[in-house]
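The file my_file.txt comes next; it holds compact mmCIF, C-alpha atoms and all ligand atoms.
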# COMPACT_ATOMS: atom_id res chain seq x y z
CA MET A 1 -79.36 -8.18 94.92
CA LEU A 2 -82.79 -9.72 95.51
CA ALA A 3 -85.28 -8.22 97.97
CA THR A 4 -88.87 -9.20 98.69
CA ILE A 5 -91.41 -6.40 98.24
CA ILE A 6 -95.11 -6.39 99.15
CA HIS A 7 -97.24 -4.32 96.78
CA GLY A 8 -100.70 -5.21 98.07
CA PRO A 9 -102.88 -8.19 99.00
CA ARG A 10 -101.49 -11.42 97.49
CA ASP A 11 -98.89 -9.44 95.57
CA ILE A 12 -95.49 -10.22 97.05
CA ARG A 13 -92.47 -10.69 94.76
CA THR A 14 -88.77 -10.26 94.63
CA ALA A 15 -87.11 -7.35 92.90
CA GLU A 16 -83.54 -6.55 91.96
CA VAL A 17 -82.43 -3.63 94.18
CA ASP A 18 -79.18 -1.91 95.15
CA ALA A 19 -77.20 -3.70 97.84
CA PRO A 20 -77.03 -1.74 101.11
CA THR A 21 -73.89 -0.06 102.38
CA ILE A 22 -72.84 1.30 105.78
CA GLN A 23 -74.67 4.60 106.35
CA LYS A 24 -73.83 5.30 109.98
CA PRO A 25 -70.87 4.32 112.16
CA THR A 26 -73.15 2.11 114.31
CA ASP A 27 -74.32 0.05 111.30
CA ALA A 28 -73.36 -3.39 110.06
CA VAL A 29 -74.13 -4.97 106.71
CA VAL A 30 -75.17 -8.61 106.93
CA ARG A 31 -75.29 -11.14 104.10
CA VAL A 32 -78.41 -13.18 104.81
CA THR A 33 -77.85 -16.95 104.81
CA ALA A 34 -81.40 -17.87 105.89
CA SER A 35 -84.63 -15.96 106.43
CA CYS A 36 -88.25 -16.97 106.73
CA ILE A 37 -91.91 -16.05 106.44
CA CYS A 38 -93.79 -15.21 109.65
CA GLY A 39 -97.44 -15.87 110.40
CA SER A 40 -97.76 -12.12 110.97
CA ASP A 41 -96.52 -11.50 107.38
CA LEU A 42 -99.78 -13.13 106.32
CA TRP A 43 -101.87 -10.25 107.73
CA PRO A 44 -100.75 -7.77 105.02
CA TYR A 45 -100.57 -10.63 102.49
CA ARG A 46 -104.25 -11.40 103.09
CA GLY A 47 -105.15 -7.70 103.15
CA VAL A 48 -106.26 -7.89 106.81
CA GLN A 49 -103.61 -5.21 107.37
CA GLU A 50 -103.54 -2.53 104.68
CA THR A 51 -100.43 -1.96 102.53
CA LYS A 52 -100.56 1.77 101.71
CA GLN A 53 -97.45 1.70 99.55
CA SER A 54 -95.04 -0.96 98.32
CA HIS A 55 -92.35 -1.79 100.86
CA PRO A 56 -89.78 -4.48 101.68
CA ILE A 57 -91.06 -7.26 103.95
CA GLY A 58 -89.65 -9.88 106.34
CA HIS A 59 -88.24 -9.55 109.84
CA GLU A 60 -86.49 -12.83 110.70
CA PHE A 61 -82.99 -13.61 109.45
CA VAL A 62 -79.55 -14.92 110.25
CA GLY A 63 -76.39 -14.32 108.29
CA ILE A 64 -72.76 -13.38 108.09
CA VAL A 65 -71.45 -9.92 108.94
CA GLU A 66 -69.86 -8.44 105.85
CA GLU A 67 -68.92 -4.98 107.01
CA VAL A 68 -69.17 -2.90 110.20
CA GLY A 69 -69.15 0.85 110.88
CA ASP A 70 -66.36 2.56 112.84
CA GLU A 71 -68.28 2.62 116.13
CA VAL A 72 -69.31 -1.05 116.15
CA THR A 73 -67.35 -2.77 118.91
CA THR A 74 -68.81 -6.26 119.45
CA LEU A 75 -68.96 -7.56 115.88
CA GLN A 76 -66.54 -8.22 113.06
CA PRO A 77 -66.80 -9.33 109.45
CA GLY A 78 -67.15 -13.09 109.07
CA GLN A 79 -69.18 -13.62 112.24
CA PHE A 80 -72.51 -15.47 112.18
CA VAL A 81 -75.29 -13.36 113.66
CA ILE A 82 -78.93 -13.75 114.69
CA ALA A 83 -81.19 -10.75 114.11
CA PRO A 84 -84.21 -10.26 116.41
CA PHE A 85 -87.38 -9.12 114.67
CA VAL A 86 -86.83 -5.47 115.59
CA VAL A 87 -83.88 -3.11 115.71
CA SER A 88 -82.73 -1.93 119.16
CA ASP A 89 -79.80 0.12 120.42
CA GLY A 90 -79.22 -2.00 123.52
CA THR A 91 -78.45 1.04 125.66
CA CYS A 92 -81.63 3.07 126.26
CA VAL A 93 -83.70 2.61 129.42
CA ASN A 94 -86.21 0.31 127.75
CA CYS A 95 -83.45 -1.89 126.32
CA ARG A 96 -81.76 -2.00 129.73
CA ASN A 97 -85.11 -3.06 131.19
CA GLY A 98 -85.19 -5.93 128.70
CA VAL A 99 -87.98 -4.47 126.57
CA GLN A 100 -85.99 -3.93 123.36
CA THR A 101 -89.24 -3.98 121.39
CA SER A 102 -89.87 -0.53 122.92
CA CYS A 103 -86.35 0.78 122.23
CA LEU A 104 -86.36 4.58 122.23
CA HIS A 105 -84.17 4.56 119.11
CA GLY A 106 -85.40 1.30 117.59
CA GLY A 107 -87.18 0.49 114.38
CA ALA A 108 -88.54 -2.15 112.08
CA TRP A 109 -87.01 -4.13 109.24
CA GLY A 110 -88.25 -2.96 105.86
CA ALA A 111 -88.93 0.63 106.97
CA ASP A 112 -86.85 3.79 107.17
CA ASP A 113 -84.84 4.21 110.36
CA ARG A 114 -85.27 7.28 112.58
CA ASP A 115 -82.86 9.25 110.38
CA GLY A 116 -84.98 8.49 107.34
CA LEU A 117 -82.44 6.03 105.93
CA PRO A 118 -83.88 2.86 104.40
CA VAL A 119 -83.51 -0.50 106.13
CA GLN A 120 -84.02 -3.62 104.02
CA GLY A 121 -86.66 -6.22 104.90
CA GLY A 122 -85.65 -9.55 106.39
CA GLN A 123 -86.51 -11.42 103.18
CA SER A 124 -83.59 -9.83 101.34
CA ALA A 125 -80.13 -10.99 100.31
CA ARG A 126 -78.27 -8.27 102.26
CA ILE A 127 -79.40 -5.96 105.02
CA ARG A 128 -78.08 -2.80 106.65
CA VAL A 129 -78.48 -3.30 110.40
CA PRO A 130 -78.80 -0.09 112.45
CA TRP A 131 -77.43 -0.20 116.03
CA ALA A 132 -75.60 -3.40 115.13
CA ASP A 133 -74.08 -3.85 118.61
CA GLY A 134 -77.48 -3.64 120.26
CA THR A 135 -79.50 -5.49 117.67
CA LEU A 136 -77.43 -8.51 116.64
CA VAL A 137 -76.25 -11.52 118.62
CA ALA A 138 -73.12 -13.23 117.28
CA THR A 139 -72.22 -16.86 117.89
CA ASP A 140 -68.66 -17.75 118.91
CA GLU A 141 -68.14 -19.79 115.75
CA VAL A 142 -69.91 -20.10 112.42
CA PRO A 143 -72.39 -22.89 113.26
CA ALA A 144 -72.88 -26.15 111.40
CA GLU A 145 -75.41 -25.95 108.58
CA GLU A 146 -77.91 -28.24 110.33
CA LEU A 147 -78.17 -25.83 113.27
CA VAL A 148 -79.15 -22.85 111.10
CA PRO A 149 -82.96 -23.46 111.06
CA SER A 150 -83.08 -23.64 114.86
CA LEU A 151 -80.86 -20.57 115.20
CA LEU A 152 -83.19 -18.75 112.81
CA THR A 153 -86.17 -19.41 115.12
CA LEU A 154 -84.41 -17.31 117.78
CA SER A 155 -85.18 -14.32 115.52
CA ASP A 156 -88.82 -14.63 116.46
CA VAL A 157 -90.90 -17.78 116.93
CA MET A 158 -88.86 -19.61 119.58
CA GLY A 159 -88.31 -16.42 121.57
CA THR A 160 -91.99 -15.56 121.19
CA GLY A 161 -93.15 -19.00 122.36
CA HIS A 162 -90.74 -18.68 125.29
CA HIS A 163 -92.16 -15.23 126.10
CA ALA A 164 -95.66 -16.73 126.31
CA ALA A 165 -94.39 -19.34 128.76
CA VAL A 166 -92.39 -16.85 130.84
CA SER A 167 -95.33 -14.40 130.92
CA ALA A 168 -97.63 -17.15 132.20
CA GLY A 169 -95.15 -18.16 134.89
CA VAL A 170 -94.49 -21.65 133.49
CA GLY A 171 -92.02 -23.57 135.62
CA PRO A 172 -91.43 -26.95 137.23
CA GLY A 173 -94.64 -28.74 138.15
CA LYS A 174 -96.95 -26.39 136.26
CA THR A 175 -99.74 -27.60 134.02
CA VAL A 176 -100.00 -25.84 130.67
CA ALA A 177 -102.35 -25.58 127.70
CA VAL A 178 -101.27 -23.97 124.43
CA VAL A 179 -103.79 -22.30 122.12
CA GLY A 180 -102.44 -22.18 118.55
CA ASP A 181 -100.62 -24.82 116.52
CA GLY A 182 -98.65 -22.47 114.27
CA ALA A 183 -94.89 -22.14 114.62
CA VAL A 184 -95.22 -19.95 117.73
CA GLY A 185 -97.68 -22.29 119.45
CA LEU A 186 -95.46 -25.28 118.72
CA CYS A 187 -92.42 -23.39 120.03
CA ALA A 188 -94.47 -22.49 123.12
CA VAL A 189 -94.94 -26.22 123.76
CA LEU A 190 -91.18 -26.70 123.48
CA ALA A 191 -90.53 -23.68 125.72
CA ALA A 192 -92.99 -24.89 128.38
CA LYS A 193 -91.34 -28.33 128.51
CA ARG A 194 -87.90 -26.73 128.61
CA LEU A 195 -88.99 -24.66 131.62
CA GLY A 196 -90.08 -27.80 133.45
CA ALA A 197 -93.83 -27.96 132.87
CA GLU A 198 -95.30 -31.17 134.28
CA ARG A 199 -97.97 -31.59 131.65
CA VAL A 200 -98.58 -29.75 128.36
CA VAL A 201 -101.79 -29.85 126.33
CA LEU A 202 -101.95 -28.55 122.77
CA PHE A 203 -105.13 -27.42 121.02
CA SER A 204 -104.73 -28.61 117.41
CA ARG A 205 -106.80 -30.10 114.63
CA HIS A 206 -104.02 -30.67 112.11
CA GLU A 207 -102.34 -34.04 112.04
CA SER A 208 -98.85 -32.87 111.03
CA ARG A 209 -98.92 -30.11 113.65
CA GLN A 210 -100.16 -32.53 116.31
CA ALA A 211 -97.22 -34.81 115.50
CA LEU A 212 -94.69 -32.00 115.84
CA GLY A 213 -96.44 -30.83 119.02
CA ARG A 214 -95.97 -34.28 120.50
CA GLU A 215 -92.34 -34.33 119.39
CA PHE A 216 -91.88 -30.97 121.18
CA GLY A 217 -93.35 -32.41 124.37
CA ALA A 218 -97.13 -32.10 124.25
CA ASP A 219 -98.64 -34.88 126.38
CA THR A 220 -102.22 -34.48 125.16
CA ILE A 221 -103.88 -33.01 122.07
CA ILE A 222 -107.35 -31.47 122.17
CA GLU A 223 -109.11 -31.18 118.82
CA GLU A 224 -112.24 -29.44 120.13
CA ARG A 225 -112.61 -25.69 120.21
CA GLY A 226 -114.97 -23.20 121.84
CA ASP A 227 -117.18 -24.59 124.61
CA ALA A 228 -116.24 -28.18 123.77
CA GLY A 229 -112.55 -27.25 123.96
CA VAL A 230 -113.05 -25.60 127.35
CA ASP A 231 -114.90 -28.68 128.64
CA ALA A 232 -112.16 -30.98 127.32
CA VAL A 233 -109.28 -29.08 128.90
CA ARG A 234 -111.08 -28.62 132.23
CA ALA A 235 -111.79 -32.34 132.34
CA LEU A 236 -108.05 -33.01 132.22
CA PHE A 237 -107.27 -30.78 135.21
CA ASP A 238 -109.61 -31.39 138.16
CA GLY A 239 -112.56 -29.97 136.27
CA VAL A 240 -111.10 -26.44 136.44
CA GLY A 241 -108.32 -26.15 133.85
CA PRO A 242 -104.52 -25.86 133.85
CA ASP A 243 -102.33 -23.41 135.79
CA CYS A 244 -101.12 -21.65 132.65
CA VAL A 245 -102.53 -21.08 129.17
CA LEU A 246 -100.32 -19.78 126.36
CA GLU A 247 -102.25 -17.82 123.72
CA CYS A 248 -100.33 -17.90 120.43
CA VAL A 249 -102.78 -16.75 117.75
CA GLY A 250 -104.16 -13.29 118.49
CA THR A 251 -107.77 -13.60 117.37
CA LYS A 252 -110.89 -12.90 119.43
CA GLU A 253 -111.66 -16.64 119.40
CA SER A 254 -108.20 -17.75 120.52
CA MET A 255 -108.05 -15.19 123.33
CA ASP A 256 -111.50 -16.26 124.47
CA GLN A 257 -110.38 -19.90 124.37
CA ALA A 258 -107.34 -19.08 126.50
CA LEU A 259 -109.20 -16.99 129.11
CA ARG A 260 -111.94 -19.59 129.56
CA SER A 261 -109.55 -22.55 129.63
CA VAL A 262 -107.28 -21.42 132.47
CA ARG A 263 -108.14 -22.36 136.06
CA PRO A 264 -109.31 -19.72 138.54
CA GLY A 265 -106.21 -17.97 139.82
CA GLY A 266 -104.25 -19.11 136.80
CA PHE A 267 -102.15 -17.22 134.27
CA VAL A 268 -102.61 -16.51 130.56
CA GLY A 269 -99.48 -15.55 128.60
CA TYR A 270 -100.46 -13.97 125.29
CA VAL A 271 -98.17 -13.38 122.34
CA GLY A 272 -100.43 -13.65 119.29
CA VAL A 273 -100.42 -10.40 117.31
CA PRO A 274 -103.92 -9.02 118.10
CA SER A 275 -106.28 -9.01 115.17
CA GLY A 276 -110.00 -9.35 114.65
CA GLY A 277 -111.19 -7.57 117.78
CA ALA A 278 -109.50 -9.48 120.61
CA GLU A 279 -110.45 -7.74 123.88
CA LEU A 280 -110.00 -8.52 127.56
CA PRO A 281 -113.23 -9.32 129.49
CA ILE A 282 -112.45 -7.66 132.81
CA ARG A 283 -115.55 -9.09 134.51
CA LEU A 284 -114.54 -12.70 133.69
CA MET A 285 -110.97 -11.98 134.77
CA PHE A 286 -112.17 -10.33 137.99
CA GLY A 287 -114.52 -13.15 138.88
CA GLY A 288 -111.94 -15.87 138.33
CA ASN A 289 -108.79 -14.04 139.42
CA ILE A 290 -107.40 -14.68 135.97
CA ASN A 291 -104.02 -13.09 135.40
CA VAL A 292 -102.99 -11.95 131.94
CA ALA A 293 -99.49 -10.93 130.85
CA GLY A 294 -97.53 -10.88 127.64
CA GLY A 295 -97.31 -8.82 124.49
CA VAL A 296 -94.81 -8.46 121.69
CA ALA A 297 -91.86 -10.63 122.68
CA PRO A 298 -88.56 -8.91 123.46
CA VAL A 299 -86.71 -11.80 121.86
CA ARG A 300 -83.36 -9.97 122.06
CA THR A 301 -83.51 -10.53 125.84
CA TYR A 302 -84.05 -14.27 125.43
CA ILE A 303 -81.44 -15.13 122.78
CA PRO A 304 -78.53 -15.42 125.24
CA GLU A 305 -80.59 -17.83 127.39
CA LEU A 306 -81.91 -19.99 124.54
CA LEU A 307 -78.81 -20.00 122.33
CA PRO A 308 -76.77 -22.56 124.33
CA ASP A 309 -79.66 -25.05 124.24
CA VAL A 310 -79.93 -24.68 120.47
CA LEU A 311 -76.17 -25.04 119.95
CA SER A 312 -76.06 -28.14 122.16
CA GLY A 313 -79.04 -29.70 120.39
CA ALA A 314 -81.04 -29.81 123.65
CA ILE A 315 -83.88 -28.15 121.74
CA ASN A 316 -84.50 -28.25 118.00
CA PRO A 317 -87.13 -25.58 117.28
CA GLY A 318 -86.02 -25.47 113.62
CA ARG A 319 -88.27 -28.49 113.11
CA VAL A 320 -91.09 -25.96 112.56
CA PHE A 321 -89.72 -25.34 109.05
CA ASP A 322 -91.41 -27.84 106.77
CA LEU A 323 -90.73 -26.10 103.47
CA THR A 324 -87.49 -24.56 102.18
CA LEU A 325 -87.47 -22.41 99.06
CA PRO A 326 -84.99 -20.18 97.28
CA LEU A 327 -85.61 -16.48 97.99
CA ALA A 328 -86.59 -16.02 94.33
CA GLU A 329 -89.62 -18.27 94.95
CA VAL A 330 -90.81 -16.37 98.03
CA ALA A 331 -94.30 -15.87 96.54
CA ASP A 332 -94.84 -19.64 96.55
CA GLY A 333 -93.85 -19.65 100.22
CA TYR A 334 -96.56 -17.13 101.09
CA THR A 335 -99.15 -19.15 99.19
CA ALA A 336 -98.12 -22.34 100.98
CA MET A 337 -98.41 -20.71 104.40
CA ASP A 338 -101.66 -18.94 103.51
CA GLU A 339 -103.20 -22.25 102.47
CA ARG A 340 -101.75 -23.91 105.60
CA ARG A 341 -99.82 -26.36 103.42
CA ALA A 342 -96.69 -25.31 105.31
CA ILE A 343 -96.23 -24.51 109.01
CA LYS A 344 -93.30 -22.22 108.30
CA VAL A 345 -91.20 -21.51 105.22
CA LEU A 346 -87.42 -21.08 105.27
CA LEU A 347 -85.89 -18.99 102.50
CA GLN A 348 -82.37 -19.48 101.19
CA PRO A 349 -80.49 -16.95 99.08
ZN ZN B 401 -83.06 0.95 123.24

I need this file expressed as structure tokens, please.
Amino acid sequence: MLATIIHGPRDIRTAEVDAPTIQKPTDAVVRVTASCICGSDLWPYRGVQETKQSHPIGHEFVGIVEEVGDEVTTLQPGQFVIAPFVVSDGTCVNCRNGVQTSCLHGGAWGADDRDGLPVQGGQSARIRVPWADGTLVATDEVPAEELVPSLLTLSDVMGTGHHAAVSAGVGPGKTVAVVGDGAVGLCAVLAAKRLGAERVVLFSRHESRQALGREFGADTIIEERGDAGVDAVRALFDGVGPDCVLECVGTKESMDQALRSVRPGGFVGYVGVPSGGAELPIRLMFGGNINVAGGVAPVRTYIPELLPDVLSGAINPGRVFDLTLPLAEVADGYTAMDERRAIKVLLQP
């Protein structure tokens, strides 16, 4: 079967590897029907994050259960499943607290599990899923083909955008600004509207992303950044800024933009994977009573809440996919996202 392997900066390709089999009674094997490339996959691709040795890559996928181990109770072959971007057992104290990203027995796609057994990356044709009952969410029926892209976003970007909104306390009547016009930022716009935000502003300089942001519910687009961006967003909200700012990039500049854009007493929800020296300025936060919450999104917690709205068509986050490629052409997908020619790339087997 095909699997995507990263060897080093700008060297990502598929290889023919052995198909996985059940290794433990809590495993399932899933045949991937759609996977995708994440903005965070670009960090090792660009060499910002070092690749010490070649390894499988990808952490977002949906598919059909092919086989389950003897102790798997909630899944059966033939079911359609959504895989969150990390493995979790669903039973430990952190999972029960809804923080499956800190599962005491969890792990990552594309790395060995805690017993030293390999787990395939998300950009593969078939994947052994440890702790299948805890990790996977099955739908009642195999969904229609046109719903698959939106279901795939529940693996990561839609749940992550939602986490930014929840962390910032977005709700009815709140005013919101979103920093970041990648797939997560756009999903954060959609999540904020879904949670009842009164007005949503998106920072974006890219025409196609602005258009999708508006489709997802952004009322206003701000093209300025830095001081000019702060001035522009404050001018829209009584000269002080919105109630909530959703930080969806993870750089020093984007975090700074978020912290300086929110009103005194407001809330910043941050979900961008930190890179490039992002730090919290306690003095600024102290002076303005600026609240900051967020982190790596426990998307497993959010899937049951978001799934009905995807199945009903109430939200269509799959619109973030603007390029679909066969898995064999995954390298072209990375190039397209690196060059910002694509917002997000969907991969088909
Ligand atoms: Zn756990």

Using only C-alpha atoms and all ligand atoms, determine which residues fall within 9 Å of ligand ZN 401 (chain B), then list them as a PDB file with C-alpha atoms, in the frame of the given file.
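Resulting contents of result.pdb:
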ATOM      1  CA  VAL A  87     -83.880  -3.110 115.710  1.00  0.00           C
ATOM      2  CA  SER A  88     -82.730  -1.930 119.160  1.00  0.00           C
ATOM      3  CA  ASP A  89     -79.800   0.120 120.420  1.00  0.00           C
ATOM      4  CA  GLY A  90     -79.220  -2.000 123.520  1.00  0.00           C
ATOM      5  CA  THR A  91     -78.450   1.040 125.660  1.00  0.00           C
ATOM      6  CA  CYS A  92     -81.630   3.070 126.260  1.00  0.00           C
ATOM      7  CA  VAL A  93     -83.700   2.610 129.420  1.00  0.00           C
ATOM      8  CA  ASN A  94     -86.210   0.310 127.750  1.00  0.00           C
ATOM      9  CA  CYS A  95     -83.450  -1.890 126.320  1.00  0.00           C
ATOM     10  CA  ARG A  96     -81.760  -2.000 129.730  1.00  0.00           C
ATOM     11  CA  VAL A  99     -87.980  -4.470 126.570  1.00  0.00           C
ATOM     12  CA  GLN A 100     -85.990  -3.930 123.360  1.00  0.00           C
ATOM     13  CA  THR A 101     -89.240  -3.980 121.390  1.00  0.00           C
ATOM     14  CA  SER A 102     -89.870  -0.530 122.920  1.00  0.00           C
ATOM     15  CA  CYS A 103     -86.350   0.780 122.230  1.00  0.00           C
ATOM     16  CA  LEU A 104     -86.360   4.580 122.230  1.00  0.00           C
ATOM     17  CA  HIS A 105     -84.170   4.560 119.110  1.00  0.00           C
ATOM     18  CA  GLY A 106     -85.400   1.300 117.590  1.00  0.00           C
ATOM     19  CA  GLY A 134     -77.480  -3.640 120.260  1.00  0.00           C
TER      20      GLY A 134
END

Which residue, A:Ser254, A:Ser204, A:Thr160, A:Ser261, has the smallest gap to Ser275 (chain A) when you use only C-alpha atoms?
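Counting only C-alpha atoms, the residue closest to Ser275 (chain A) is A:Ser254.
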
Contacts of Ala328 (chain A) within 8 Å, only C-alpha atoms, excl. fewer than 6 positions in-chain, as number ranges by chain:
A: 2, 13-14, 349

Interatomic distance, CA of Pro118 (chain A) to CA of Val17 (chain A) (Å, one decimal):
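Those two atoms sit 12.2 Å apart.
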
Could you list, as a PyMOL selection string, every residue within 7 Å of Leu154 (chain A), counting only C-alpha atoms and ignoring same-chain residues fewer than 4 positions away?
chain A and resi 158-159+303

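Considering all atoms listed in the file, the residue among A:Val86, A:Val119, A:Val249, A:Ile57 positioned nearest to Ile5 (chain A) is A:Ile57.
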
Quote the spacing between CA of Val320 (chain A) and CA of Ile12 (chain A) in Å to one decimal place.
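Interatomic distance, CA of Val320 (chain A) to CA of Ile12 (chain A): 22.5 Å.
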
Coordinates of box centre and edge lengths for region 199-212 of chain A, 3 Å on every side, axis-aligned, as JSON:
{"center_x": -100.7, "center_y": -31.1, "center_z": 121.3, "size_x": 18.1, "size_y": 13.4, "size_z": 26.6}

Mind checking which residues fall within 12 Å of Ala144 (chain A), counting all atoms listed in the file, ignoring those fewer than 6 positions away in the same chain, and posting them as a CSV table (one decimal) with C-alpha atoms, in the frame of the given file?
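Full text of out-v7.csv as output:
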chain,number,residue,atom,x,y,z
A,80,PHE,CA,-72.5,-15.5,112.2
A,150,SER,CA,-83.1,-23.6,114.9
A,151,LEU,CA,-80.9,-20.6,115.2
A,310,VAL,CA,-79.9,-24.7,120.5
A,311,LEU,CA,-76.2,-25.0,120.0
A,312,SER,CA,-76.1,-28.1,122.2
A,313,GLY,CA,-79.0,-29.7,120.4
